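Participant: Have a peek at upload.cif (mmCIF, C-alpha atoms (C1' of nucleotides)).
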data_upload
loop_
_atom_site.group_PDB
_atom_site.id
_atom_site.type_symbol
_atom_site.label_atom_id
_atom_site.label_comp_id
_atom_site.auth_asym_id
_atom_site.auth_seq_id
_atom_site.Cartn_x
_atom_site.Cartn_y
_atom_site.Cartn_z
ATOM 1 C CA MET A 1 2.934 14.734 -27.260
ATOM 2 C CA ASP A 2 5.863 17.008 -28.013
ATOM 3 C CA ARG A 3 7.936 18.972 -25.598
ATOM 4 C CA SER A 4 6.039 22.228 -25.847
ATOM 5 C CA GLN A 5 2.749 20.464 -25.244
ATOM 6 C CA ILE A 6 4.177 18.833 -22.144
ATOM 7 C CA VAL A 7 5.477 22.130 -20.838
ATOM 8 C CA LYS A 8 2.064 23.623 -21.362
ATOM 9 C CA LEU A 9 0.378 20.727 -19.620
ATOM 10 C CA LEU A 10 2.642 21.067 -16.591
ATOM 11 C CA GLN A 11 2.071 24.792 -16.406
ATOM 12 C CA GLN A 12 -1.661 24.352 -16.670
ATOM 13 C CA HIS A 13 -1.425 22.133 -13.619
ATOM 14 C CA ASP A 14 0.667 24.625 -11.726
ATOM 15 C CA VAL A 15 3.846 22.594 -11.944
ATOM 16 C CA THR A 16 7.130 24.302 -12.736
ATOM 17 C CA PRO A 17 8.489 22.547 -15.822
ATOM 18 C CA THR A 18 12.010 21.483 -14.935
ATOM 19 C CA ARG A 19 14.071 19.223 -17.152
ATOM 20 C CA GLN A 20 13.397 16.164 -15.000
ATOM 21 C CA ARG A 21 9.676 16.747 -14.756
ATOM 22 C CA ILE A 22 9.423 17.203 -18.492
ATOM 23 C CA GLU A 23 11.265 13.960 -19.098
ATOM 24 C CA ILE A 24 9.125 12.066 -16.625
ATOM 25 C CA ALA A 25 5.915 13.506 -18.021
ATOM 26 C CA GLY A 26 7.099 12.765 -21.540
ATOM 27 C CA TYR A 27 7.627 9.156 -20.609
ATOM 28 C CA LEU A 28 4.308 8.862 -18.808
ATOM 29 C CA TYR A 29 2.253 10.292 -21.618
ATOM 30 C CA GLN A 30 3.679 8.226 -24.427
ATOM 31 C CA ARG A 31 0.547 6.185 -23.952
ATOM 32 C CA PRO A 32 -2.021 5.531 -21.226
ATOM 33 C CA GLN A 33 -0.431 3.057 -18.874
ATOM 34 C CA HIS A 34 -0.004 1.797 -15.337
ATOM 35 C CA LEU A 35 3.472 2.240 -13.938
ATOM 36 C CA SER A 36 5.253 1.861 -10.644
ATOM 37 C CA ALA A 37 7.882 4.318 -9.449
ATOM 38 C CA GLU A 38 10.556 1.782 -10.348
ATOM 39 C CA ASN A 39 9.098 1.361 -13.857
ATOM 40 C CA ILE A 40 9.247 5.093 -14.347
ATOM 41 C CA LEU A 41 12.804 5.357 -13.086
ATOM 42 C CA GLU A 42 13.936 2.605 -15.436
ATOM 43 C CA GLY A 43 11.962 3.874 -18.386
ATOM 44 C CA VAL A 44 13.146 7.436 -18.142
ATOM 45 C CA ASN A 45 16.733 6.433 -17.633
ATOM 46 C CA ALA A 46 16.715 3.819 -20.372
ATOM 47 C CA GLU A 47 18.503 6.261 -22.627
ATOM 48 C CA GLY A 48 21.107 7.143 -19.987
ATOM 49 C CA HIS A 49 21.150 8.160 -16.306
ATOM 50 C CA ARG A 50 19.323 11.413 -16.022
ATOM 51 C CA VAL A 51 16.773 11.349 -13.232
ATOM 52 C CA SER A 52 17.327 10.141 -9.687
ATOM 53 C CA ARG A 53 15.102 7.849 -7.704
ATOM 54 C CA ALA A 54 14.334 10.570 -5.167
ATOM 55 C CA THR A 55 13.235 12.894 -7.922
ATOM 56 C CA VAL A 56 10.937 10.281 -9.398
ATOM 57 C CA TYR A 57 9.221 9.837 -6.054
ATOM 58 C CA ASN A 58 9.075 13.580 -5.474
ATOM 59 C CA THR A 59 7.720 14.209 -8.909
ATOM 60 C CA MET A 60 5.082 11.518 -8.823
ATOM 61 C CA GLY A 61 3.882 12.818 -5.472
ATOM 62 C CA LEU A 62 3.642 16.270 -6.977
ATOM 63 C CA PHE A 63 1.902 15.049 -10.136
ATOM 64 C CA THR A 64 -0.607 13.207 -7.978
ATOM 65 C CA ASP A 65 -1.332 16.296 -5.903
ATOM 66 C CA LYS A 66 -1.730 18.373 -9.021
ATOM 67 C CA GLY A 67 -4.043 15.900 -10.680
ATOM 68 C CA LEU A 68 -1.765 14.878 -13.530
ATOM 69 C CA VAL A 69 -1.875 11.222 -12.558
ATOM 70 C CA ARG A 70 -3.877 9.025 -10.208
ATOM 71 C CA GLU A 71 -2.488 6.626 -7.681
ATOM 72 C CA ILE A 72 -3.905 3.149 -7.854
ATOM 73 C CA LEU A 73 -3.519 0.979 -4.790
ATOM 74 C CA ILE A 74 -3.819 -2.557 -5.977
ATOM 75 C CA ASP A 75 -1.712 -4.548 -3.606
ATOM 76 C CA ARG A 76 0.634 -4.078 -0.751
ATOM 77 C CA GLU A 77 3.645 -4.310 -2.993
ATOM 78 C CA ARG A 78 3.758 -0.931 -4.622
ATOM 79 C CA ILE A 79 1.818 2.033 -5.902
ATOM 80 C CA PHE A 80 0.846 2.251 -9.542
ATOM 81 C CA TYR A 81 0.378 5.538 -11.315
ATOM 82 C CA ASP A 82 -2.329 5.810 -13.916
ATOM 83 C CA THR A 83 -1.730 8.216 -16.736
ATOM 84 C CA ASN A 84 -5.178 7.808 -18.200
ATOM 85 C CA ARG A 85 -6.782 11.042 -17.155
ATOM 86 C CA SER A 86 -10.297 10.213 -18.228
ATOM 87 C CA GLU A 87 -12.798 8.875 -15.712
ATOM 88 C CA HIS A 88 -12.527 5.134 -15.635
ATOM 89 C CA TYR A 89 -12.321 2.125 -13.373
ATOM 90 C CA HIS A 90 -10.112 -0.938 -13.127
ATOM 91 C CA VAL A 91 -10.205 -4.677 -13.437
ATOM 92 C CA TYR A 92 -7.358 -6.445 -11.724
ATOM 93 C CA ASP A 93 -6.560 -10.037 -12.590
ATOM 94 C CA VAL A 94 -5.291 -11.539 -9.363
ATOM 95 C CA ASP A 95 -3.827 -14.557 -11.151
ATOM 96 C CA SER A 96 -1.644 -12.694 -13.606
ATOM 97 C CA GLY A 97 -1.288 -9.339 -11.880
ATOM 98 C CA GLU A 98 -2.580 -7.561 -14.958
ATOM 99 C CA LEU A 99 -4.490 -4.349 -14.575
ATOM 100 C CA HIS A 100 -6.971 -3.194 -17.185
ATOM 101 C CA ASP A 101 -9.005 -0.096 -17.642
ATOM 102 C CA VAL A 102 -12.752 -0.200 -17.791
ATOM 103 C CA MET A 103 -14.559 2.693 -19.349
ATOM 104 C CA GLN A 104 -16.848 4.515 -17.016
ATOM 105 C CA SER A 105 -19.789 3.688 -19.224
ATOM 106 C CA GLU A 106 -19.325 -0.008 -18.574
ATOM 107 C CA ILE A 107 -20.095 0.354 -14.908
ATOM 108 C CA GLU A 108 -22.956 2.324 -13.593
ATOM 109 C CA ILE A 109 -22.862 3.755 -10.150
ATOM 110 C CA ALA A 110 -26.321 4.781 -9.262
ATOM 111 C CA ALA A 111 -27.346 6.472 -6.058
ATOM 112 C CA VAL A 112 -24.926 8.287 -3.851
ATOM 113 C CA PRO A 113 -24.649 7.740 -0.127
ATOM 114 C CA LYS A 114 -25.217 10.684 2.109
ATOM 115 C CA LEU A 115 -21.944 12.425 2.802
ATOM 116 C CA PRO A 116 -20.790 14.514 5.753
ATOM 117 C CA GLU A 117 -22.007 18.118 5.704
ATOM 118 C CA GLY A 118 -20.316 20.069 2.921
ATOM 119 C CA ALA A 119 -18.273 17.150 1.718
ATOM 120 C CA ARG A 120 -17.846 16.315 -1.918
ATOM 121 C CA ILE A 121 -16.427 13.319 -3.722
ATOM 122 C CA VAL A 122 -12.913 13.983 -4.942
ATOM 123 C CA ASP A 123 -12.264 10.539 -6.362
ATOM 124 C CA THR A 124 -14.294 7.482 -7.147
ATOM 125 C CA ASN A 125 -12.261 4.381 -6.947
ATOM 126 C CA VAL A 126 -13.585 1.107 -8.286
ATOM 127 C CA ILE A 127 -11.524 -2.034 -8.635
ATOM 128 C CA LEU A 128 -13.019 -5.360 -9.622
ATOM 129 C CA ARG A 129 -10.709 -8.186 -8.694
ATOM 130 C CA VAL A 130 -11.165 -11.118 -11.004
ATOM 131 C CA SER A 131 -9.789 -14.637 -11.079
ATOM 132 C CA SER A 132 -9.998 -17.569 -13.439
ATOM 133 C CA LYS A 133 -9.153 -20.132 -10.802
ATOM 134 C CA SER A 134 -11.834 -22.174 -9.096
ATOM 135 C CA MET B 1 -19.052 -13.491 20.524
ATOM 136 C CA ASP B 2 -17.814 -15.987 23.067
ATOM 137 C CA ARG B 3 -14.866 -18.276 22.804
ATOM 138 C CA SER B 4 -16.726 -21.312 21.536
ATOM 139 C CA GLN B 5 -18.391 -19.271 18.826
ATOM 140 C CA ILE B 6 -15.019 -17.974 17.720
ATOM 141 C CA VAL B 7 -13.546 -21.463 17.633
ATOM 142 C CA LYS B 8 -16.458 -22.572 15.527
ATOM 143 C CA LEU B 9 -16.063 -19.632 13.177
ATOM 144 C CA LEU B 10 -12.379 -20.365 12.654
ATOM 145 C CA GLN B 11 -13.057 -24.028 12.023
ATOM 146 C CA GLN B 12 -15.774 -23.207 9.544
ATOM 147 C CA HIS B 13 -13.184 -21.205 7.653
ATOM 148 C CA ASP B 14 -10.675 -24.017 7.752
ATOM 149 C CA VAL B 15 -8.402 -22.287 10.246
ATOM 150 C CA THR B 16 -6.846 -24.266 13.081
ATOM 151 C CA PRO B 17 -7.901 -22.490 16.283
ATOM 152 C CA THR B 18 -4.713 -21.794 18.186
ATOM 153 C CA ARG B 19 -4.617 -19.625 21.289
ATOM 154 C CA GLN B 20 -3.231 -16.647 19.354
ATOM 155 C CA ARG B 21 -5.717 -16.886 16.536
ATOM 156 C CA ILE B 22 -8.604 -17.094 18.949
ATOM 157 C CA GLU B 23 -7.405 -14.018 20.785
ATOM 158 C CA ILE B 24 -6.919 -12.061 17.597
ATOM 159 C CA ALA B 25 -10.298 -13.082 16.225
ATOM 160 C CA GLY B 26 -11.892 -12.251 19.556
ATOM 161 C CA TYR B 27 -10.468 -8.773 19.396
ATOM 162 C CA LEU B 28 -11.447 -8.257 15.771
ATOM 163 C CA TYR B 29 -15.033 -9.318 16.226
ATOM 164 C CA GLN B 30 -15.812 -7.250 19.273
ATOM 165 C CA ARG B 31 -17.401 -4.901 16.746
ATOM 166 C CA PRO B 32 -17.166 -4.164 13.062
ATOM 167 C CA GLN B 33 -14.105 -2.013 12.606
ATOM 168 C CA HIS B 34 -11.161 -1.020 10.471
ATOM 169 C CA LEU B 35 -7.810 -1.893 11.956
ATOM 170 C CA SER B 36 -4.182 -1.907 10.928
ATOM 171 C CA ALA B 37 -1.790 -4.686 11.917
ATOM 172 C CA GLU B 38 -0.276 -2.378 14.516
ATOM 173 C CA ASN B 39 -3.733 -1.583 15.922
ATOM 174 C CA ILE B 40 -4.404 -5.268 16.283
ATOM 175 C CA LEU B 41 -1.075 -5.967 17.939
ATOM 176 C CA GLU B 42 -1.645 -3.205 20.462
ATOM 177 C CA GLY B 43 -5.257 -4.051 21.029
ATOM 178 C CA VAL B 44 -4.741 -7.725 21.643
ATOM 179 C CA ASN B 45 -1.771 -7.169 23.903
ATOM 180 C CA ALA B 46 -3.562 -4.430 25.831
ATOM 181 C CA GLU B 47 -6.068 -6.997 26.954
ATOM 182 C CA GLY B 48 -3.242 -8.717 28.766
ATOM 183 C CA HIS B 49 -2.631 -11.449 26.253
ATOM 184 C CA ARG B 50 0.604 -11.787 24.425
ATOM 185 C CA VAL B 51 0.888 -12.199 20.691
ATOM 186 C CA SER B 52 3.947 -11.359 18.660
ATOM 187 C CA ARG B 53 4.084 -8.985 15.733
ATOM 188 C CA ALA B 54 5.032 -11.767 13.331
ATOM 189 C CA THR B 55 2.047 -13.793 14.414
ATOM 190 C CA VAL B 56 -0.313 -10.888 13.880
ATOM 191 C CA TYR B 57 0.933 -10.485 10.315
ATOM 192 C CA ASN B 58 0.818 -14.218 9.708
ATOM 193 C CA THR B 59 -2.646 -14.484 11.125
ATOM 194 C CA MET B 60 -4.094 -11.554 9.249
ATOM 195 C CA GLY B 61 -2.702 -12.936 6.016
ATOM 196 C CA LEU B 62 -4.314 -16.248 6.800
ATOM 197 C CA PHE B 63 -7.630 -14.680 7.804
ATOM 198 C CA THR B 64 -7.629 -12.738 4.547
ATOM 199 C CA ASP B 65 -6.990 -15.857 2.487
ATOM 200 C CA LYS B 66 -9.726 -17.694 4.313
ATOM 201 C CA GLY B 67 -12.228 -14.911 3.901
ATOM 202 C CA LEU B 68 -12.573 -13.940 7.545
ATOM 203 C CA VAL B 69 -11.536 -10.351 6.911
ATOM 204 C CA ARG B 70 -10.983 -8.102 3.919
ATOM 205 C CA GLU B 71 -7.936 -6.004 3.219
ATOM 206 C CA ILE B 72 -8.652 -2.388 2.419
ATOM 207 C CA LEU B 73 -5.943 -0.420 0.677
ATOM 208 C CA ILE B 74 -6.644 3.208 1.401
ATOM 209 C CA ASP B 75 -3.290 4.853 1.263
ATOM 210 C CA ARG B 76 0.335 4.016 1.014
ATOM 211 C CA GLU B 77 0.751 4.049 4.738
ATOM 212 C CA ARG B 78 -0.646 0.750 5.780
ATOM 213 C CA ILE B 79 -3.208 -1.966 5.182
ATOM 214 C CA PHE B 80 -6.503 -1.902 7.028
ATOM 215 C CA TYR B 81 -8.457 -5.017 7.836
ATOM 216 C CA ASP B 82 -12.198 -4.849 7.696
ATOM 217 C CA THR B 83 -14.067 -7.159 9.997
ATOM 218 C CA ASN B 84 -17.447 -6.314 8.543
ATOM 219 C CA ARG B 85 -18.108 -9.442 6.556
ATOM 220 C CA SER B 86 -21.196 -8.216 4.761
ATOM 221 C CA GLU B 87 -20.974 -6.750 1.273
ATOM 222 C CA HIS B 88 -20.340 -3.075 1.557
ATOM 223 C CA TYR B 89 -18.253 -0.203 0.268
ATOM 224 C CA HIS B 90 -16.269 2.609 1.804
ATOM 225 C CA VAL B 91 -16.162 6.343 2.105
ATOM 226 C CA TYR B 92 -12.779 7.731 3.023
ATOM 227 C CA ASP B 93 -12.494 11.271 4.355
ATOM 228 C CA VAL B 94 -9.145 12.492 3.083
ATOM 229 C CA ASP B 95 -9.119 15.417 5.502
ATOM 230 C CA SER B 96 -9.553 13.454 8.690
ATOM 231 C CA GLY B 97 -8.410 10.023 7.609
ATOM 232 C CA GLU B 98 -11.691 8.512 8.753
ATOM 233 C CA LEU B 99 -13.057 5.487 6.982
ATOM 234 C CA HIS B 100 -16.763 4.726 6.969
ATOM 235 C CA ASP B 101 -18.816 1.871 5.692
ATOM 236 C CA VAL B 102 -21.493 2.368 3.108
ATOM 237 C CA MET B 103 -24.150 -0.253 2.774
ATOM 238 C CA GLN B 104 -24.225 -1.945 -0.560
ATOM 239 C CA SER B 105 -27.759 -0.738 -1.112
ATOM 240 C CA GLU B 106 -26.586 2.860 -1.078
ATOM 241 C CA ILE B 107 -24.499 2.399 -4.184
ATOM 242 C CA GLU B 108 -25.711 0.576 -7.189
ATOM 243 C CA ILE B 109 -23.298 -0.980 -9.578
ATOM 244 C CA ALA B 110 -25.209 -1.737 -12.686
ATOM 245 C CA ALA B 111 -23.762 -3.378 -15.750
ATOM 246 C CA VAL B 112 -20.650 -5.464 -15.622
ATOM 247 C CA PRO B 113 -17.769 -5.093 -18.042
ATOM 248 C CA LYS B 114 -16.855 -8.074 -20.118
ATOM 249 C CA LEU B 115 -14.298 -10.160 -18.318
ATOM 250 C CA PRO B 116 -11.571 -12.479 -19.624
ATOM 251 C CA GLU B 117 -12.796 -15.941 -20.643
ATOM 252 C CA GLY B 118 -13.856 -17.926 -17.594
ATOM 253 C CA ALA B 119 -13.021 -15.160 -15.158
ATOM 254 C CA ARG B 120 -15.242 -14.209 -12.283
ATOM 255 C CA ILE B 121 -15.275 -11.327 -9.880
ATOM 256 C CA VAL B 122 -13.786 -12.296 -6.538
ATOM 257 C CA ASP B 123 -14.013 -8.883 -4.933
ATOM 258 C CA THR B 124 -15.689 -5.609 -5.703
ATOM 259 C CA ASN B 125 -13.828 -2.731 -4.262
ATOM 260 C CA VAL B 126 -15.379 0.712 -4.137
ATOM 261 C CA ILE B 127 -13.898 3.643 -2.287
ATOM 262 C CA LEU B 128 -15.284 7.153 -2.517
ATOM 263 C CA ARG B 129 -12.736 9.684 -1.398
ATOM 264 C CA VAL B 130 -14.422 12.743 0.002
ATOM 265 C CA SER B 131 -13.173 16.096 1.182
ATOM 266 C CA SER B 132 -14.704 19.160 2.784
ATOM 267 C CA LYS B 133 -11.980 21.496 1.670
ATOM 268 C CA SER B 134 -12.414 23.757 -1.319
ATOM 269 C "C1'" DC C 1 4.923 -38.443 17.332
ATOM 270 C "C1'" DT C 2 4.754 -35.221 13.049
ATOM 271 C "C1'" DG C 3 3.524 -31.285 11.005
ATOM 272 C "C1'" DC C 4 1.820 -26.676 11.948
ATOM 273 C "C1'" DT C 5 2.561 -22.431 14.624
ATOM 274 C "C1'" DT C 6 4.872 -19.096 17.167
ATOM 275 C "C1'" DG C 7 8.310 -15.649 18.341
ATOM 276 C "C1'" DC C 8 12.478 -13.277 17.975
ATOM 277 C "C1'" DA C 9 15.526 -10.733 15.430
ATOM 278 C "C1'" DA C 10 17.224 -9.699 11.162
ATOM 279 C "C1'" DA C 11 16.404 -8.831 6.563
ATOM 280 C "C1'" DG C 12 13.586 -6.905 2.703
ATOM 281 C "C1'" DG C 13 11.651 -3.543 -0.239
ATOM 282 C "C1'" DC C 14 9.305 0.587 -1.167
ATOM 283 C "C1'" DT C 15 9.329 5.340 0.048
ATOM 284 C "C1'" DT C 16 10.891 9.510 2.493
ATOM 285 C "C1'" DT C 17 14.262 12.702 4.309
ATOM 286 C "C1'" DG C 18 18.464 15.652 5.300
ATOM 287 C "C1'" DC C 19 21.369 18.399 3.188
ATOM 288 C "C1'" DA C 20 24.642 20.401 -0.157
ATOM 289 C "C1'" DG C 21 24.938 21.825 -4.736
ATOM 290 C "C1'" DA C 22 22.388 23.163 -9.091
ATOM 291 C "C1'" DA C 23 18.646 25.217 -11.572
ATOM 292 C "C1'" DC C 24 14.987 28.433 -12.002
ATOM 293 C "C1'" DA C 25 12.526 33.123 -12.036
ATOM 294 C "C1'" DT D 1 19.512 36.934 -5.559
ATOM 295 C "C1'" DG D 2 16.093 34.238 -3.216
ATOM 296 C "C1'" DT D 3 13.536 30.216 -3.917
ATOM 297 C "C1'" DT D 4 12.787 25.871 -5.617
ATOM 298 C "C1'" DC D 5 14.497 21.541 -7.198
ATOM 299 C "C1'" DT D 6 17.717 17.672 -7.584
ATOM 300 C "C1'" DG D 7 20.545 13.820 -6.188
ATOM 301 C "C1'" DC D 8 22.889 10.925 -3.099
ATOM 302 C "C1'" DA D 9 22.941 8.216 0.748
ATOM 303 C "C1'" DA D 10 20.959 7.158 4.885
ATOM 304 C "C1'" DA D 11 17.049 6.498 7.451
ATOM 305 C "C1'" DG D 12 12.110 5.010 8.096
ATOM 306 C "C1'" DC D 13 8.500 1.977 8.180
ATOM 307 C "C1'" DC D 14 5.553 -1.670 7.309
ATOM 308 C "C1'" DT D 15 5.942 -6.348 6.333
ATOM 309 C "C1'" DT D 16 8.223 -10.833 5.556
ATOM 310 C "C1'" DT D 17 11.479 -14.494 6.563
ATOM 311 C "C1'" DG D 18 14.760 -17.929 8.761
ATOM 312 C "C1'" DC D 19 14.989 -20.871 12.249
ATOM 313 C "C1'" DA D 20 14.678 -22.947 16.834
ATOM 314 C "C1'" DA D 21 11.301 -24.001 20.267
ATOM 315 C "C1'" DG D 22 6.386 -24.936 21.283
ATOM 316 C "C1'" DC D 23 1.675 -26.649 20.264
ATOM 317 C "C1'" DA D 24 -2.292 -29.184 17.964
ATOM 318 C "C1'" DG D 25 -4.292 -33.471 16.608
#
Can the structure from this file be put into structure tokens for me?

Facilitator:
Amino acid sequence: MDRSQIVKLLQQHDVTPTRQRIEIAGYLYQRPQHLSAENILEGVNAEGHRVSRATVYNTMGLFTDKGLVREILIDRERIFYDTNRSEHYHVYDVDSGELHDVMQSEIEIAAVPKLPEGARIVDTNVILRVSSKS
Amino acid sequence: MDRSQIVKLLQQHDVTPTRQRIEIAGYLYQRPQHLSAENILEGVNAEGHRVSRATVYNTMGLFTDKGLVREILIDRERIFYDTNRSEHYHVYDVDSGELHDVMQSEIEIAAVPKLPEGARIVDTNVILRVSSKS
DNA sequence: CTGCTTGCAAAGGCTTTGCAGAACA
DNA sequence: TGTTCTGCAAAGCCTTTGCAAGCAG
């Protein structure tokens, strides 16, 4: 994704495209991936110090609000941000700590519980924890 | 659940029944509920007993390992412990912060993705985030 | 006795905040 | 120019840890 595409993407999501946000988004969308705030800080700054820790946290909070990324809460350690914007679920290997995507089509959620009056589902979160240990 | 039942439950789960653990378990199993570590600390100590913060954290970690409770990661704020030991899922109201149980029968997960060689699912985690705001 | 457990306080580690200066529209 | 954003350091907060004293079996 080149710079002008990123700018467009940010604008479409109602995010003012500053230099830092463009760099962070550029790093995130190199490929679909699962990153922590620290990963992002390191990755973006790998070519030289250009974005501060506070800005990474600010920006990821903003991107989450604006629907550019999804937070995944896997463990108590840290938040992961998922840059795969298509509907999908996760398989988490508790032995290795690896997190994998599962296409929506591989899991079928049938039936929907009754929700409070006027409520709608804003996010469907499915994590299968798997282990190879007995 | 009376004291002897709690002792038995702990022993069945391979947990040495100390005074603190019995008090914590007694508080947890008054009713199915979703509690944070701080909730538990306050709740247990409000009943006139005395358990330290470190012991609450220790104990909840142990109870989780032994399968007496389940950790629910809803937001970045804190961990909730679920004392409902039956299979079930959750609906989280993002507006109010309320967390509700959904019986397993209300959601159907059909099809299972292919897992790594020899892996098995140790936990199935489903959270529907709902909102009433436009 | 002998190894777990507990409790206190201090440390840890991720995340947020206050505020001054810089960038944006 | 008025607003928004950034960066630094400090603060916040939940959770863990080190270690001496206390219990369980």

Participant: How far apart are chain A and chain B by Cα RMSD after a least-squares superposition over every Cα, paired in order?

Facilitator: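 That gives an RMSD of 0.5 Å.
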
Participant: Quick one: everything within 12 Å of B:Ile24, counting all atoms listed in the file, minus sequence neighbours fewer than 4 positions away in the same chain. Send it as a PyMOL selection string.

Facilitator: chain B and resi 3+6-7+10+17-20+28-30+35+37+39-47+49-53+55-60+62-63+68-69+83

Participant: Work out how far atom CA of B:Ser132 is from atom CA of B:Gly97, in Å to one decimal.

Facilitator: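 A separation of 12.1 Å between them.
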
Participant: For chain C, list the residues within 12 Å of chain B, counting all atoms listed in the file, and write the list as a list in words.

Facilitator: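 Every residue meeting the condition is included here: DC4, DT5, DT6, DG7, DC8, DA9, DC14, DT15 and DT16 of chain C.
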
Participant: May I ask you to extract the residues of chain D within 8 Å of chain B, using all atoms listed in the file, and to give them as a list in words?

Facilitator: DC14, DT15 and DA24 of chain D

Participant: For chain B, report every residue with an atom at most 7 Å from chain A (counting only C-alpha atoms), formatted as a list in words.

Facilitator: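 Only these qualify: Leu73, Glu106, Ile107, Glu108, Ile109, Ala110, Ala111, Val112, Pro113, Gly118, Ala119, Arg120, Ile121, Val122, Asp123, Thr124, Asn125, Val126, Ile127, Leu128, Arg129, Val130, Ser131 and Ser132 of chain B.
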
Participant: Provide an axis-aligned box for all listed atoms of stretch 25-37 of chain A, padding each side by 6 Å; report its centre and its edge lengths in Å to one decimal, as JSON.

Facilitator:
{"center_x": 2.9, "center_y": 7.7, "center_z": -16.9, "size_x": 21.9, "size_y": 23.7, "size_z": 27.0}

Participant: Find the residues around C:DA23 up to 9 Å (all atoms listed in the file counted), leave out those fewer than 6 positions away in its own chain, and share them as a compact mmCIF listing (two decimals) with C-alpha atoms (C1' of nucleotides), in the frame of the given file.

Facilitator:
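For reference, part23.txt as written:
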# COMPACT_ATOMS: atom_id res chain seq x y z
CA THR A 18 12.01 21.48 -14.94
C1' DT D 4 12.79 25.87 -5.62
C1' DC D 5 14.50 21.54 -7.20
C1' DT D 6 17.72 17.67 -7.58

Participant: Translate the PyMOL selection byres ((chain D and resi 25) around 10) into a concrete residue list for this structure, as JSON, numbers by chain.

Facilitator: {"C": [2, 3], "D": [23, 24]}

Participant: What does the structure give for the distance between atom CA of A:Asp14 and atom CA of A:Thr64, in Å to one decimal?

Facilitator: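 Distance reported for this atom pair: 12.1 Å.
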
Participant: Generate the missing atoms of stretch 130-134 of chain A up to all heavy atoms and report them as a PDB file, in the coordinates of the input.

Facilitator:
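As a result, rebuild_11.pdb now contains:
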ATOM      1  N   VAL A 130     -10.648  -9.944 -10.330  1.00  0.00           N
ATOM      2  CA  VAL A 130     -11.165 -11.118 -11.004  1.00  0.00           C
ATOM      3  C   VAL A 130     -10.147 -12.243 -10.980  1.00  0.00           C
ATOM      4  O   VAL A 130      -8.953 -12.008 -10.843  1.00  0.00           O
ATOM      5  CB  VAL A 130     -11.570 -10.819 -12.472  1.00  0.00           C
ATOM      6  CG1 VAL A 130     -12.530  -9.643 -12.540  1.00  0.00           C
ATOM      7  CG2 VAL A 130     -10.347 -10.559 -13.329  1.00  0.00           C
ATOM      8  N   SER A 131     -10.653 -13.460 -11.081  1.00  0.00           N
ATOM      9  CA  SER A 131      -9.789 -14.637 -11.079  1.00  0.00           C
ATOM     10  C   SER A 131     -10.372 -15.671 -12.022  1.00  0.00           C
ATOM     11  O   SER A 131     -11.583 -15.731 -12.223  1.00  0.00           O
ATOM     12  CB  SER A 131      -9.708 -15.206  -9.671  1.00  0.00           C
ATOM     13  OG  SER A 131      -9.037 -16.447  -9.686  1.00  0.00           O
ATOM     14  N   SER A 132      -9.517 -16.487 -12.575  1.00  0.00           N
ATOM     15  CA  SER A 132      -9.998 -17.569 -13.439  1.00  0.00           C
ATOM     16  C   SER A 132      -9.870 -18.912 -12.742  1.00  0.00           C
ATOM     17  O   SER A 132     -10.252 -19.947 -13.265  1.00  0.00           O
ATOM     18  CB  SER A 132      -9.201 -17.610 -14.746  1.00  0.00           C
ATOM     19  OG  SER A 132      -9.378 -16.387 -15.432  1.00  0.00           O
ATOM     20  N   LYS A 133      -9.307 -18.884 -11.544  1.00  0.00           N
ATOM     21  CA  LYS A 133      -9.153 -20.132 -10.802  1.00  0.00           C
ATOM     22  C   LYS A 133     -10.442 -20.467 -10.071  1.00  0.00           C
ATOM     23  O   LYS A 133     -11.201 -19.572  -9.698  1.00  0.00           O
ATOM     24  CB  LYS A 133      -8.007 -20.016  -9.795  1.00  0.00           C
ATOM     25  CG  LYS A 133      -6.656 -19.949 -10.476  1.00  0.00           C
ATOM     26  CD  LYS A 133      -5.535 -19.843  -9.451  1.00  0.00           C
ATOM     27  CE  LYS A 133      -4.185 -19.768 -10.160  1.00  0.00           C
ATOM     28  NZ  LYS A 133      -3.114 -19.295  -9.245  1.00  0.00           N
ATOM     29  N   SER A 134     -10.650 -21.762  -9.852  1.00  0.00           N
ATOM     30  CA  SER A 134     -11.834 -22.174  -9.096  1.00  0.00           C
ATOM     31  C   SER A 134     -11.516 -21.985  -7.624  1.00  0.00           C
ATOM     32  O   SER A 134     -12.311 -22.067  -6.775  1.00  0.00           O
ATOM     33  CB  SER A 134     -12.169 -23.624  -9.393  1.00  0.00           C
ATOM     34  OG  SER A 134     -11.053 -24.435  -9.155  1.00  0.00           O
TER      35      SER A 134
END
